[in-house]
file entry26.pdb (PDB, C-alpha atoms and all ligand atoms)
MODEL        1
ATOM      1  CA  MET X   1       0.000   0.000   0.000
ATOM      2  CA  THR X   2       1.226   3.533  -0.850
ATOM      3  CA  GLN X   3       2.401   5.448   2.208
ATOM      4  CA  PRO X   4       0.721   8.853   2.609
ATOM      5  CA  ARG X   5       2.986  11.828   1.905
ATOM      6  CA  CYS X   6       2.546  15.530   2.438
ATOM      7  CA  PHE X   7       2.744  18.147  -0.335
ATOM      8  CA  GLY X   8       2.068  21.852  -0.138
ATOM      9  CA  VAL X   9       2.142  25.361  -1.539
ATOM     10  CA  LEU X  10       4.092  28.087   0.265
ATOM     11  CA  GLY X  11       3.316  31.787  -0.185
ATOM     12  CA  HIS X  12       2.464  35.001   1.619
ATOM     13  CA  PRO X  13      -0.452  35.627   1.698
ATOM     14  CA  ILE X  14      -1.738  32.167   0.764
ATOM     15  CA  GLY X  15      -5.375  31.988   1.918
ATOM     16  CA  HIS X  16      -6.717  32.468  -1.630
ATOM     17  CA  SER X  17      -4.768  29.556  -3.162
ATOM     18  CA  ARG X  18      -6.741  27.047  -5.215
ATOM     19  CA  SER X  19      -3.840  24.622  -5.390
ATOM     20  CA  PRO X  20      -4.900  22.491  -2.370
ATOM     21  CA  ALA X  21      -8.324  21.801  -3.913
ATOM     22  CA  MET X  22      -6.746  21.018  -7.303
ATOM     23  CA  HIS X  23      -4.101  18.593  -6.018
ATOM     24  CA  THR X  24      -6.430  16.966  -3.505
ATOM     25  CA  ALA X  25      -8.805  16.208  -6.395
ATOM     26  CA  ALA X  26      -5.939  14.590  -8.310
ATOM     27  CA  PHE X  27      -4.943  12.392  -5.353
ATOM     28  CA  GLU X  28      -8.550  11.254  -4.989
ATOM     29  CA  ALA X  29      -8.807  10.469  -8.708
ATOM     30  CA  LEU X  30      -5.529   8.506  -8.552
ATOM     31  CA  GLY X  31      -6.561   6.652  -5.369
ATOM     32  CA  LEU X  32      -3.522   8.006  -3.502
ATOM     33  CA  PRO X  33      -3.583   8.735   0.259
ATOM     34  CA  HIS X  34      -1.483  11.939  -0.013
ATOM     35  CA  ARG X  35      -2.301  15.365   1.436
ATOM     36  CA  TYR X  36      -1.673  18.839  -0.078
ATOM     37  CA  LEU X  37      -1.885  21.895   2.193
ATOM     38  CA  ALA X  38      -1.266  25.652   1.972
ATOM     39  CA  PHE X  39       1.334  27.234   4.276
ATOM     40  CA  ASP X  40       1.772  30.953   4.955
ATOM     41  CA  VAL X  41       5.548  31.441   4.717
ATOM     42  CA  THR X  42       7.411  34.771   4.461
ATOM     43  CA  PRO X  43      10.673  35.098   2.497
ATOM     44  CA  ASP X  44      12.638  35.187   5.792
ATOM     45  CA  ALA X  45      11.176  31.837   6.837
ATOM     46  CA  LEU X  46      11.637  30.150   3.441
ATOM     47  CA  PRO X  47      15.050  28.528   4.125
ATOM     48  CA  SER X  48      13.810  26.807   7.282
ATOM     49  CA  ALA X  49      10.468  25.889   5.654
ATOM     50  CA  ILE X  50      12.196  24.124   2.741
ATOM     51  CA  ALA X  51      14.737  22.417   5.009
ATOM     52  CA  GLY X  52      11.911  21.330   7.343
ATOM     53  CA  ALA X  53       9.834  19.932   4.499
ATOM     54  CA  ALA X  54      12.870  17.990   3.220
ATOM     55  CA  ALA X  55      13.588  16.648   6.711
ATOM     56  CA  MET X  56       9.961  15.568   7.166
ATOM     57  CA  GLY X  57       9.873  13.673   3.882
ATOM     58  CA  PHE X  58       7.490  15.948   1.960
ATOM     59  CA  GLY X  59       6.732  14.741  -1.553
ATOM     60  CA  GLY X  60       7.096  18.212  -3.090
ATOM     61  CA  LEU X  61       6.277  21.898  -2.799
ATOM     62  CA  ASN X  62       4.873  24.659  -4.938
ATOM     63  CA  LEU X  63       6.008  28.236  -4.371
ATOM     64  CA  THR X  64       3.964  31.315  -5.135
ATOM     65  CA  VAL X  65       4.152  35.092  -4.588
ATOM     66  CA  PRO X  66       6.551  36.382  -3.231
ATOM     67  CA  LEU X  67       8.795  33.337  -2.870
ATOM     68  CA  LYS X  68       9.621  32.227  -6.419
ATOM     69  CA  THR X  69      12.807  34.272  -6.754
ATOM     70  CA  HIS X  70      13.847  33.895  -3.104
ATOM     71  CA  ALA X  71      14.095  30.130  -3.586
ATOM     72  CA  LEU X  72      16.759  30.293  -6.303
ATOM     73  CA  GLY X  73      19.725  30.290  -3.918
ATOM     74  CA  LEU X  74      18.195  27.636  -1.672
ATOM     75  CA  MET X  75      18.184  24.816  -4.230
ATOM     76  CA  ASP X  76      20.901  22.186  -4.722
ATOM     77  CA  ALA X  77      20.143  22.272  -8.453
ATOM     78  CA  LEU X  78      17.909  24.186 -10.874
ATOM     79  CA  SER X  79      16.170  22.935 -14.017
ATOM     80  CA  PRO X  80      17.175  24.817 -17.200
ATOM     81  CA  GLU X  81      13.799  26.635 -17.202
ATOM     82  CA  ALA X  82      14.071  27.771 -13.586
ATOM     83  CA  GLU X  83      17.599  28.992 -14.216
ATOM     84  CA  ALA X  84      16.688  30.882 -17.410
ATOM     85  CA  ILE X  85      13.515  32.432 -15.979
ATOM     86  CA  GLY X  86      15.114  33.176 -12.609
ATOM     87  CA  ALA X  87      12.243  31.741 -10.566
ATOM     88  CA  VAL X  88      11.199  28.451  -8.936
ATOM     89  CA  ASN X  89       7.544  27.417  -8.661
ATOM     90  CA  THR X  90       8.059  23.680  -8.062
ATOM     91  CA  VAL X  91      10.419  22.095  -5.526
ATOM     92  CA  CYS X  92      11.332  18.404  -5.889
ATOM     93  CA  PHE X  93      12.989  16.467  -3.067
ATOM     94  CA  THR X  94      15.235  13.937  -4.806
ATOM     95  CA  PRO X  95      17.955  11.546  -3.604
ATOM     96  CA  GLU X  96      20.465  13.972  -5.186
ATOM     97  CA  GLY X  97      19.096  16.958  -3.267
ATOM     98  CA  VAL X  98      16.507  19.723  -3.567
ATOM     99  CA  VAL X  99      15.767  20.586  -7.203
ATOM    100  CA  GLY X 100      14.014  23.819  -8.228
ATOM    101  CA  ARG X 101      11.873  23.728 -11.368
ATOM    102  CA  ASN X 102       9.551  26.137 -13.128
ATOM    103  CA  THR X 103       6.373  24.697 -14.661
ATOM    104  CA  ASP X 104       4.607  28.053 -15.230
ATOM    105  CA  GLY X 105       5.731  28.461 -18.849
ATOM    106  CA  ALA X 106       5.083  24.872 -19.898
ATOM    107  CA  GLY X 107       1.780  24.999 -17.982
ATOM    108  CA  PHE X 108       0.780  28.051 -20.011
ATOM    109  CA  LEU X 109       1.595  26.204 -23.260
ATOM    110  CA  GLU X 110      -0.440  23.201 -22.093
ATOM    111  CA  ALA X 111      -3.398  25.522 -21.502
ATOM    112  CA  LEU X 112      -2.830  27.419 -24.768
ATOM    113  CA  ARG X 113      -2.852  24.215 -26.815
ATOM    114  CA  GLY X 114      -6.239  23.462 -25.262
ATOM    115  CA  LEU X 115      -7.474  26.858 -26.466
ATOM    116  CA  VAL X 116      -6.011  27.225 -29.960
ATOM    117  CA  GLY X 117      -4.521  23.826 -30.788
ATOM    118  CA  ALA X 118      -0.941  24.793 -31.657
ATOM    119  CA  VAL X 119       1.450  27.433 -30.356
ATOM    120  CA  PRO X 120       0.987  30.473 -32.623
ATOM    121  CA  SER X 121       3.843  31.835 -34.713
ATOM    122  CA  ARG X 122       3.580  35.432 -33.458
ATOM    123  CA  ALA X 123       2.517  36.747 -30.029
ATOM    124  CA  VAL X 124       2.509  39.938 -27.961
ATOM    125  CA  VAL X 125       3.139  39.611 -24.208
ATOM    126  CA  LEU X 126       2.480  42.476 -21.785
ATOM    127  CA  GLY X 127       4.533  42.957 -18.610
ATOM    128  CA  GLY X 128       8.030  42.011 -17.529
ATOM    129  CA  GLY X 129       7.329  40.249 -14.208
ATOM    130  CA  GLY X 130       7.942  36.627 -13.226
ATOM    131  CA  ALA X 131       4.825  35.141 -14.834
ATOM    132  CA  SER X 132       5.469  36.913 -18.140
ATOM    133  CA  ARG X 133       9.097  35.771 -18.148
ATOM    134  CA  ALA X 134       7.991  32.162 -17.809
ATOM    135  CA  VAL X 135       5.462  32.554 -20.642
ATOM    136  CA  VAL X 136       7.862  34.403 -22.969
ATOM    137  CA  HIS X 137      10.598  31.838 -22.340
ATOM    138  CA  ALA X 138       8.227  28.970 -23.166
ATOM    139  CA  LEU X 139       6.849  30.672 -26.310
ATOM    140  CA  VAL X 140      10.342  31.463 -27.630
ATOM    141  CA  GLU X 141      11.462  27.865 -26.968
ATOM    142  CA  GLU X 142       8.547  26.768 -29.201
ATOM    143  CA  GLY X 143       9.721  29.042 -32.024
ATOM    144  CA  CYS X 144       7.095  31.761 -31.505
ATOM    145  CA  ALA X 145       8.168  35.301 -32.495
ATOM    146  CA  VAL X 146       7.418  37.375 -29.373
ATOM    147  CA  ARG X 147       6.951  41.116 -29.125
ATOM    148  CA  TRP X 148       7.415  41.839 -25.433
ATOM    149  CA  VAL X 149       5.812  45.072 -24.203
ATOM    150  CA  SER X 150       6.776  46.677 -20.902
ATOM    151  CA  ARG X 151       6.797  50.066 -19.211
ATOM    152  CA  ARG X 152      10.558  49.543 -18.983
ATOM    153  CA  PRO X 153      11.530  47.560 -22.105
ATOM    154  CA  ALA X 154      15.263  48.088 -21.516
ATOM    155  CA  ALA X 155      14.938  46.181 -18.228
ATOM    156  CA  LEU X 156      13.580  43.035 -19.930
ATOM    157  CA  PRO X 157      15.986  40.089 -20.349
ATOM    158  CA  ASP X 158      17.977  40.176 -23.557
ATOM    159  CA  TRP X 159      16.279  37.126 -25.076
ATOM    160  CA  ASP X 160      15.479  36.443 -28.729
ATOM    161  CA  VAL X 161      12.435  38.793 -28.701
ATOM    162  CA  GLU X 162      11.423  42.263 -29.852
ATOM    163  CA  ARG X 163      11.277  44.508 -26.778
ATOM    164  CA  ARG X 164       8.926  47.505 -26.923
ATOM    165  CA  GLY X 165       7.359  50.219 -24.778
ATOM    166  CA  TYR X 166       3.572  50.752 -24.729
ATOM    167  CA  GLU X 167       3.922  53.481 -27.385
ATOM    168  CA  GLY X 168       4.768  50.631 -29.795
ATOM    169  CA  LEU X 169       1.809  48.459 -28.824
ATOM    170  CA  GLU X 170      -0.476  49.294 -31.765
ATOM    171  CA  VAL X 171       2.161  48.299 -34.287
ATOM    172  CA  ALA X 172       3.155  45.261 -32.198
ATOM    173  CA  LEU X 173      -0.396  43.907 -32.313
ATOM    174  CA  GLU X 174      -0.567  43.929 -36.110
ATOM    175  CA  GLY X 175      -0.291  40.365 -37.358
ATOM    176  CA  ALA X 176      -0.154  38.886 -33.850
ATOM    177  CA  ALA X 177      -2.100  35.641 -33.404
ATOM    178  CA  LEU X 178      -2.057  35.922 -29.608
ATOM    179  CA  LEU X 179      -2.081  38.645 -26.939
ATOM    180  CA  VAL X 180      -1.046  37.652 -23.397
ATOM    181  CA  ASN X 181      -1.589  39.884 -20.376
ATOM    182  CA  GLY X 182       1.070  39.042 -17.786
ATOM    183  CA  THR X 183       0.715  42.263 -15.796
ATOM    184  CA  THR X 184      -1.192  42.733 -12.561
ATOM    185  CA  VAL X 185      -3.831  44.817 -14.385
ATOM    186  CA  GLY X 186      -7.189  43.073 -13.898
ATOM    187  CA  MET X 187      -6.070  41.334 -10.685
ATOM    188  CA  ARG X 188      -8.057  42.101  -7.537
ATOM    189  CA  GLY X 189      -5.960  44.758  -5.776
ATOM    190  CA  GLY X 190      -3.637  44.947  -8.803
ATOM    191  CA  ALA X 191      -2.638  47.871 -11.037
ATOM    192  CA  PRO X 192      -5.620  50.084 -11.996
ATOM    193  CA  GLY X 193      -5.137  50.062 -15.767
ATOM    194  CA  PHE X 194      -2.759  49.756 -18.704
ATOM    195  CA  PRO X 195      -0.593  52.744 -19.653
ATOM    196  CA  VAL X 196      -2.584  52.970 -22.935
ATOM    197  CA  PRO X 197      -5.967  51.532 -24.016
ATOM    198  CA  LEU X 198      -5.421  48.112 -25.624
ATOM    199  CA  PRO X 199      -6.335  48.400 -29.336
ATOM    200  CA  LEU X 200      -7.516  44.802 -29.798
ATOM    201  CA  GLU X 201      -9.011  45.730 -33.162
ATOM    202  CA  ARG X 202      -5.464  45.956 -34.575
ATOM    203  CA  MET X 203      -5.096  42.180 -34.212
ATOM    204  CA  PRO X 204      -6.306  39.770 -36.895
ATOM    205  CA  ILE X 205      -9.947  38.789 -36.408
ATOM    206  CA  ASP X 206      -9.055  35.207 -35.424
ATOM    207  CA  ALA X 207      -6.354  36.195 -32.907
ATOM    208  CA  ALA X 208      -6.718  34.858 -29.341
ATOM    209  CA  VAL X 209      -6.383  36.680 -26.007
ATOM    210  CA  ALA X 210      -4.984  35.049 -22.850
ATOM    211  CA  ASP X 211      -4.864  36.637 -19.414
ATOM    212  CA  LEU X 212      -2.674  35.142 -16.697
ATOM    213  CA  VAL X 213      -4.932  36.791 -14.115
ATOM    214  CA  TYR X 214      -8.011  34.937 -12.895
ATOM    215  CA  PRO X 215     -10.967  34.751 -12.701
ATOM    216  CA  ALA X 216     -12.134  36.340 -15.974
ATOM    217  CA  THR X 217     -10.859  39.919 -16.260
ATOM    218  CA  PRO X 218     -12.309  42.945 -18.095
ATOM    219  CA  LEU X 219      -9.786  42.242 -20.880
ATOM    220  CA  VAL X 220     -11.005  38.656 -21.285
ATOM    221  CA  GLU X 221     -14.627  39.782 -21.206
ATOM    222  CA  ARG X 222     -13.996  42.472 -23.811
ATOM    223  CA  ALA X 223     -12.154  40.071 -26.111
ATOM    224  CA  ARG X 224     -14.858  37.432 -25.659
ATOM    225  CA  ALA X 225     -17.549  39.969 -26.525
ATOM    226  CA  CYS X 226     -15.692  40.546 -29.843
ATOM    227  CA  GLY X 227     -15.919  36.800 -30.527
ATOM    228  CA  ARG X 228     -12.246  36.022 -29.916
ATOM    229  CA  ALA X 229     -10.931  32.804 -28.358
ATOM    230  CA  THR X 230      -9.980  33.679 -24.773
ATOM    231  CA  MET X 231      -8.693  32.166 -21.570
ATOM    232  CA  ASP X 232      -8.133  33.609 -18.120
ATOM    233  CA  GLY X 233      -5.374  32.416 -15.756
ATOM    234  CA  LEU X 234      -7.128  29.298 -14.471
ATOM    235  CA  PRO X 235      -6.096  26.997 -17.355
ATOM    236  CA  MET X 236      -2.444  28.002 -16.781
ATOM    237  CA  LEU X 237      -2.819  27.332 -13.055
ATOM    238  CA  TRP X 238      -4.147  23.905 -14.016
ATOM    239  CA  GLY X 239      -1.330  23.283 -16.511
ATOM    240  CA  GLN X 240       1.476  24.177 -14.119
ATOM    241  CA  GLY X 241      -0.172  22.014 -11.440
ATOM    242  CA  VAL X 242      -0.438  18.990 -13.728
ATOM    243  CA  LEU X 243       3.240  19.278 -14.648
ATOM    244  CA  ALA X 244       4.367  19.791 -11.026
ATOM    245  CA  LEU X 245       2.449  16.712  -9.906
ATOM    246  CA  GLN X 246       3.938  14.661 -12.742
ATOM    247  CA  HIS X 247       7.441  15.659 -11.598
ATOM    248  CA  TRP X 248       6.703  14.730  -7.969
ATOM    249  CA  LEU X 249       5.008  11.413  -8.698
ATOM    250  CA  GLY X 250       7.191  10.447 -11.663
ATOM    251  CA  LEU X 251       4.231   9.550 -13.866
ATOM    252  CA  THR X 252       2.014  10.934 -16.617
ATOM    253  CA  LEU X 253      -1.428  11.844 -15.283
ATOM    254  CA  ASP X 254      -4.335  10.085 -16.931
ATOM    255  CA  ALA X 255      -7.330  11.951 -18.369
ATOM    256  CA  ALA X 256      -9.451  11.319 -15.245
ATOM    257  CA  ALA X 257      -6.892  12.917 -12.906
ATOM    258  CA  ARG X 258      -6.357  15.857 -15.259
ATOM    259  CA  ASP X 259     -10.114  16.404 -15.503
ATOM    260  CA  ALA X 260     -10.514  16.163 -11.723
ATOM    261  CA  MET X 261      -7.893  18.904 -11.309
ATOM    262  CA  ARG X 262      -9.637  21.098 -13.879
ATOM    263  CA  GLN X 263     -13.033  20.616 -12.247
ATOM    264  CA  ALA X 264     -11.629  21.473  -8.801
ATOM    265  CA  LEU X 265     -10.688  24.937 -10.085
ATOM    266  CA  VAL X 266     -14.237  25.745 -11.150
ATOM    267  CA  VAL X 267     -16.029  27.375  -8.231
TER
HETATM  268  N1  LIG G   1      -2.431  31.724 -13.903
HETATM  269  C1  LIG G   1      -1.338  31.403 -13.259
HETATM  270  O1  LIG G   1      -1.007  30.219 -13.060
HETATM  271  C2  LIG G   1      -0.447  32.508 -12.775
HETATM  272  C3  LIG G   1       0.866  32.238 -12.380
HETATM  273  C4  LIG G   1       1.648  33.300 -11.963
HETATM  274  C5  LIG G   1       1.108  34.598 -11.932
HETATM  275  N2  LIG G   1      -0.171  34.802 -12.312
HETATM  276  C6  LIG G   1      -0.741  36.157 -12.322
HETATM  277  O2  LIG G   1      -0.014  36.949 -13.246
HETATM  278  C7  LIG G   1       0.056  38.290 -12.790
HETATM  279  C8  LIG G   1       1.506  38.722 -12.744
HETATM  280  O3  LIG G   1       2.178  37.957 -11.772
HETATM  281  P1  LIG G   1       3.758  38.110 -11.546
HETATM  282  O4  LIG G   1       4.123  37.119 -10.524
HETATM  283  O5  LIG G   1       4.466  38.129 -12.840
HETATM  284  O6  LIG G   1       3.798  39.574 -10.910
HETATM  285  P2  LIG G   1       5.028  40.582 -10.896
HETATM  286  O7  LIG G   1       6.314  39.850 -10.925
HETATM  287  O8  LIG G   1       4.735  41.574  -9.824
HETATM  288  O9  LIG G   1       4.921  41.325 -12.318
HETATM  289  C9  LIG G   1       3.824  42.109 -12.669
HETATM  290  C10 LIG G   1       4.208  43.013 -13.830
HETATM  291  O10 LIG G   1       3.049  43.793 -14.152
HETATM  292  C11 LIG G   1       3.491  44.972 -14.781
HETATM  293  N3  LIG G   1       2.713  46.084 -14.241
HETATM  294  C12 LIG G   1       2.535  46.437 -12.951
HETATM  295  N4  LIG G   1       1.766  47.538 -12.860
HETATM  296  C13 LIG G   1       1.444  47.868 -14.134
HETATM  297  C14 LIG G   1       0.686  48.920 -14.727
HETATM  298  N5  LIG G   1       0.080  49.867 -14.003
HETATM  299  N6  LIG G   1       0.579  48.943 -16.069
HETATM  300  C15 LIG G   1       1.184  48.011 -16.841
HETATM  301  N7  LIG G   1       1.944  47.008 -16.340
HETATM  302  C16 LIG G   1       2.051  46.946 -15.015
HETATM  303  C17 LIG G   1       4.974  45.152 -14.503
HETATM  304  O11 LIG G   1       5.680  44.945 -15.715
HETATM  305  P3  LIG G   1       6.596  46.114 -16.379
HETATM  306  O12 LIG G   1       7.231  46.848 -15.240
HETATM  307  O13 LIG G   1       7.544  45.342 -17.206
HETATM  308  O14 LIG G   1       5.683  46.988 -17.188
HETATM  309  C18 LIG G   1       5.280  44.034 -13.508
HETATM  310  O15 LIG G   1       6.554  43.501 -13.661
HETATM  311  C19 LIG G   1      -0.622  38.320 -11.417
HETATM  312  O16 LIG G   1      -1.928  38.782 -11.546
HETATM  313  C20 LIG G   1      -0.617  36.863 -10.990
HETATM  314  O17 LIG G   1      -1.697  36.558 -10.143
HETATM  315  C21 LIG G   1      -0.950  33.793 -12.734
ENDMDL
END
call {"tool": "encode", "arguments": {"input": "entry26.pdb", "output": "structure tokens"}}
result
Amino acid sequence: MTQPRCFGVLGHPIGHSRSPAMHTAAFEALGLPHRYLAFDVTPDALPSAIAGAAAMGFGGLNLTVPLKTHALGLMDALSPEAEAIGAVNTVCFTPEGVVGRNTDGAGFLEALRGLVGAVPSRAVVLGGGGASRAVVHALVEEGCAVRWVSRRPAALPDWDVERRGYEGLEVALEGAALLVNGTTVGMRGGAPGFPVPLPLERMPIDAAVADLVYPATPLVERARACGRATMDGLPMLWGQGVLALQHWLGLTLDAAARDAMRQALVV
């Protein structure tokens, strides 16, 4: 019989997290006796929290705001994605030590494929924070030409992308098959609005709009009202969770477990 193990998400604040419901649903679907809990951990307490979880035999951890960058120096090894993005959202306790991974970008692609089938050839991504970096990194790895728009374009990583300020947004949107909002605009308590109105009409009629913020934001609602394919941040949350769980358990989740995780996010 499988021995129960503990998993968790660390963040500060953490009360809003939907990860416990999502992973608990997966364990039930897989018939596993594991537990997944949310822990309120500040950056100062992160080193002892990770060491404690390792000592207690935890099966794995997720990290969320504001801990993803703080964890970098606490890992024995980093996956190539975590190293390139500069953030850890998934911690794996392995015989070789504590390994930091980042499943946000690949989770976004998983969700995007569910929306539009294939990764588009040209995309515009707004915002230069951690979530956007993960998404841009994943899109570029898939061969997508990314126009990356920020209030401070010179501060964006020097990746194989076109970096632009918001004054270049209209032109950037021309010919783009996908617009991604990776800013905090639209988030409860987030930034009040974009530096310029978003001219969605400059995109091709069949272009899709994805927001990393959830639940559905004014941007998603506006794009949906124009008949565009849209997704808010919940499918990405699902995608990164599926991939994290696969790393921890060392298996590929079946359709029933994946569906259970998706259903658990619908409130
Ligand atoms: N769905 C998911 O699984 C998932 C995962 C992670 C994060 N998220 C969500 O994604 C959003 C971003 O998270 P994050 O961790 O990347 O946050 P972050 O590191 O704080 O980055 C947010 C970025 O938003 C931009 N921004 C802030 N105020 C703005 C304003 N007034 N106008 C335009 N841009 C502004 C900034 O980019 P510039 O300075 O470059 O303009 C900033 O770097 C949050 O809402 C978060 O909840 C979702």
call {"tool": "residues_around", "arguments": {"input": "entry26.pdb", "residues": "region 177-181 of chain X", "least_positions_apart": "2", "cutoff": "10 Å", "atoms": "all atoms listed in the file", "output": "number ranges by chain"}}
result
X: 112, 116, 119-127, 131-132, 135-136, 146-149, 172-175, 183-186, 200, 203-213, 219-220, 229-233
call {"tool": "closest_atom_pairs", "arguments": {"input": "entry26.pdb", "of": "chain X", "to": "ligand LIG 1 (chain G)", "cutoff": "9 Å", "atoms": "all atoms listed in the file", "output": "Markdown table"}}
result
| residue | atom | partner | partner_atom | distance |
| --- | --- | --- | --- | --- |
| X:Thr64 | CA | G:LIG1 | C4 | 7.5 |
| X:Val65 | CA | G:LIG1 | O4 | 6.3 |
| X:Pro66 | CA | G:LIG1 | O4 | 7.7 |
| X:Lys68 | CA | G:LIG1 | O4 | 8.4 |
| X:Asn89 | CA | G:LIG1 | C4 | 9.0 |
| X:Asp104 | CA | G:LIG1 | C3 | 6.3 |
| X:Gly105 | CA | G:LIG1 | C3 | 8.9 |
| X:Gly107 | CA | G:LIG1 | O1 | 7.7 |
| X:Phe108 | CA | G:LIG1 | O1 | 7.5 |
| X:Leu126 | CA | G:LIG1 | N7 | 7.1 |
| X:Gly127 | CA | G:LIG1 | O11 | 3.7 |
| X:Gly128 | CA | G:LIG1 | O13 | 3.4 |
| X:Gly129 | CA | G:LIG1 | O9 | 3.2 |
| X:Gly130 | CA | G:LIG1 | O5 | 3.8 |
| X:Ala131 | CA | G:LIG1 | O5 | 3.6 |
| X:Ser132 | CA | G:LIG1 | O5 | 5.5 |
| X:Arg133 | CA | G:LIG1 | O5 | 7.4 |
| X:Ala134 | CA | G:LIG1 | O5 | 8.5 |
| X:Trp148 | CA | G:LIG1 | O13 | 8.9 |
| X:Val149 | CA | G:LIG1 | O13 | 7.2 |
| X:Ser150 | CA | G:LIG1 | O14 | 3.9 |
| X:Arg151 | CA | G:LIG1 | O14 | 3.8 |
| X:Arg152 | CA | G:LIG1 | O13 | 5.5 |
| X:Pro153 | CA | G:LIG1 | O13 | 6.7 |
| X:Ala155 | CA | G:LIG1 | O13 | 7.5 |
| X:Leu156 | CA | G:LIG1 | O13 | 7.0 |
| X:Gly165 | CA | G:LIG1 | O14 | 8.4 |
| X:Tyr166 | CA | G:LIG1 | C15 | 8.7 |
| X:Asn181 | CA | G:LIG1 | O2 | 7.9 |
| X:Gly182 | CA | G:LIG1 | C8 | 5.1 |
| X:Thr183 | CA | G:LIG1 | O10 | 3.2 |
| X:Thr184 | CA | G:LIG1 | O16 | 4.1 |
| X:Val185 | CA | G:LIG1 | C13 | 6.1 |
| X:Gly186 | CA | G:LIG1 | O16 | 7.2 |
| X:Met187 | CA | G:LIG1 | O16 | 4.9 |
| X:Arg188 | CA | G:LIG1 | O16 | 8.0 |
| X:Gly190 | CA | G:LIG1 | O16 | 7.0 |
| X:Ala191 | CA | G:LIG1 | N5 | 4.5 |
| X:Pro192 | CA | G:LIG1 | N5 | 6.0 |
| X:Gly193 | CA | G:LIG1 | N5 | 5.5 |
| X:Phe194 | CA | G:LIG1 | N6 | 4.3 |
| X:Pro195 | CA | G:LIG1 | N6 | 5.4 |
| X:Val196 | CA | G:LIG1 | N6 | 8.6 |
| X:Asp211 | CA | G:LIG1 | N1 | 7.8 |
| X:Leu212 | CA | G:LIG1 | N1 | 4.4 |
| X:Val213 | CA | G:LIG1 | O16 | 4.4 |
| X:Tyr214 | CA | G:LIG1 | N1 | 6.5 |
| X:Asp232 | CA | G:LIG1 | N1 | 7.3 |
| X:Gly233 | CA | G:LIG1 | N1 | 3.5 |
| X:Leu234 | CA | G:LIG1 | N1 | 5.3 |
| X:Pro235 | CA | G:LIG1 | N1 | 6.9 |
| X:Met236 | CA | G:LIG1 | O1 | 4.6 |
| X:Leu237 | CA | G:LIG1 | O1 | 3.4 |
| X:Trp238 | CA | G:LIG1 | O1 | 7.1 |
| X:Gly239 | CA | G:LIG1 | O1 | 7.8 |
| X:Gln240 | CA | G:LIG1 | O1 | 6.6 |
| X:Gly241 | CA | G:LIG1 | O1 | 8.4 |
call {"tool": "atom_distance", "arguments": {"input": "entry26.pdb", "atom1": "CA of Ala26 (chain X)", "atom2": "CA of Gly60 (chain X)"}}
result
14.5 Å
call {"tool": "atom_distance", "arguments": {"input": "entry26.pdb", "atom1": "CA of Glu81 (chain X)", "atom2": "CA of Val140 (chain X)"}}
result
12.0 Å
call {"tool": "residues_around", "arguments": {"input": "entry26.pdb", "residues": "Val266 (chain X)", "least_positions_apart": "5", "cutoff": "10 Å", "atoms": "only C-alpha atoms", "output": "list in words"}}
result
Arg18, Met22, Pro215, Leu234 and Met261 of chain X
call {"tool": "axis_aligned_box", "arguments": {"input": "entry26.pdb", "around": "region 50-58 of chain X", "padding_each_side": "3 Å", "output": "JSON"}}
result
{"center_x": 11.1, "center_y": 18.9, "center_z": 4.7, "size_x": 13.2, "size_y": 16.5, "size_z": 11.4}
call {"tool": "residues_around", "arguments": {"input": "entry26.pdb", "residues": "Ala29 (chain X)", "least_positions_apart": "4", "cutoff": "9 Å", "atoms": "all atoms listed in the file", "output": "PyMOL selection string"}}
result
chain X and resi 24-25+256-258+260-261
call {"tool": "closest_atom_pairs", "arguments": {"input": "entry26.pdb", "of": "region 61-161 of chain X", "to": "region 33-46 of chain X", "cutoff": "12 Å", "atoms": "all atoms listed in the file", "output": "Markdown table"}}
result
| residue | atom | partner | partner_atom | distance |
| --- | --- | --- | --- | --- |
| X:Leu61 | CA | X:Tyr36 | CA | 8.9 |
| X:Asn62 | CA | X:Ala38 | CA | 9.3 |
| X:Leu63 | CA | X:Val41 | CA | 9.6 |
| X:Thr64 | CA | X:Val41 | CA | 10.0 |
| X:Val65 | CA | X:Thr42 | CA | 9.6 |
| X:Pro66 | CA | X:Pro43 | CA | 7.2 |
| X:Leu67 | CA | X:Pro43 | CA | 6.0 |
| X:Lys68 | CA | X:Pro43 | CA | 9.4 |
| X:Thr69 | CA | X:Pro43 | CA | 9.5 |
| X:His70 | CA | X:Pro43 | CA | 6.5 |
| X:Ala71 | CA | X:Leu46 | CA | 7.4 |
| X:Leu72 | CA | X:Leu46 | CA | 11.0 |
| X:Gly73 | CA | X:Leu46 | CA | 10.9 |
| X:Leu74 | CA | X:Leu46 | CA | 8.7 |
| X:Met75 | CA | X:Leu46 | CA | 11.4 |
call {"tool": "residues_around", "arguments": {"input": "entry26.pdb", "residues": "Leu249 (chain X)", "least_positions_apart": "4", "cutoff": "12 Å", "atoms": "all atoms listed in the file", "output": "CSV table (one decimal) with C-alpha atoms, in the frame of the given file"}}
result
chain,number,residue,atom,x,y,z
X,2,THR,CA,1.2,3.5,-0.8
X,5,ARG,CA,3.0,11.8,1.9
X,7,PHE,CA,2.7,18.1,-0.3
X,23,HIS,CA,-4.1,18.6,-6.0
X,26,ALA,CA,-5.9,14.6,-8.3
X,27,PHE,CA,-4.9,12.4,-5.4
X,30,LEU,CA,-5.5,8.5,-8.6
X,32,LEU,CA,-3.5,8.0,-3.5
X,34,HIS,CA,-1.5,11.9,0.0
X,58,PHE,CA,7.5,15.9,2.0
X,59,GLY,CA,6.7,14.7,-1.6
X,60,GLY,CA,7.1,18.2,-3.1
X,92,CYS,CA,11.3,18.4,-5.9
X,93,PHE,CA,13.0,16.5,-3.1
X,94,THR,CA,15.2,13.9,-4.8
X,242,VAL,CA,-0.4,19.0,-13.7
X,243,LEU,CA,3.2,19.3,-14.6
X,244,ALA,CA,4.4,19.8,-11.0
X,245,LEU,CA,2.4,16.7,-9.9
X,253,LEU,CA,-1.4,11.8,-15.3
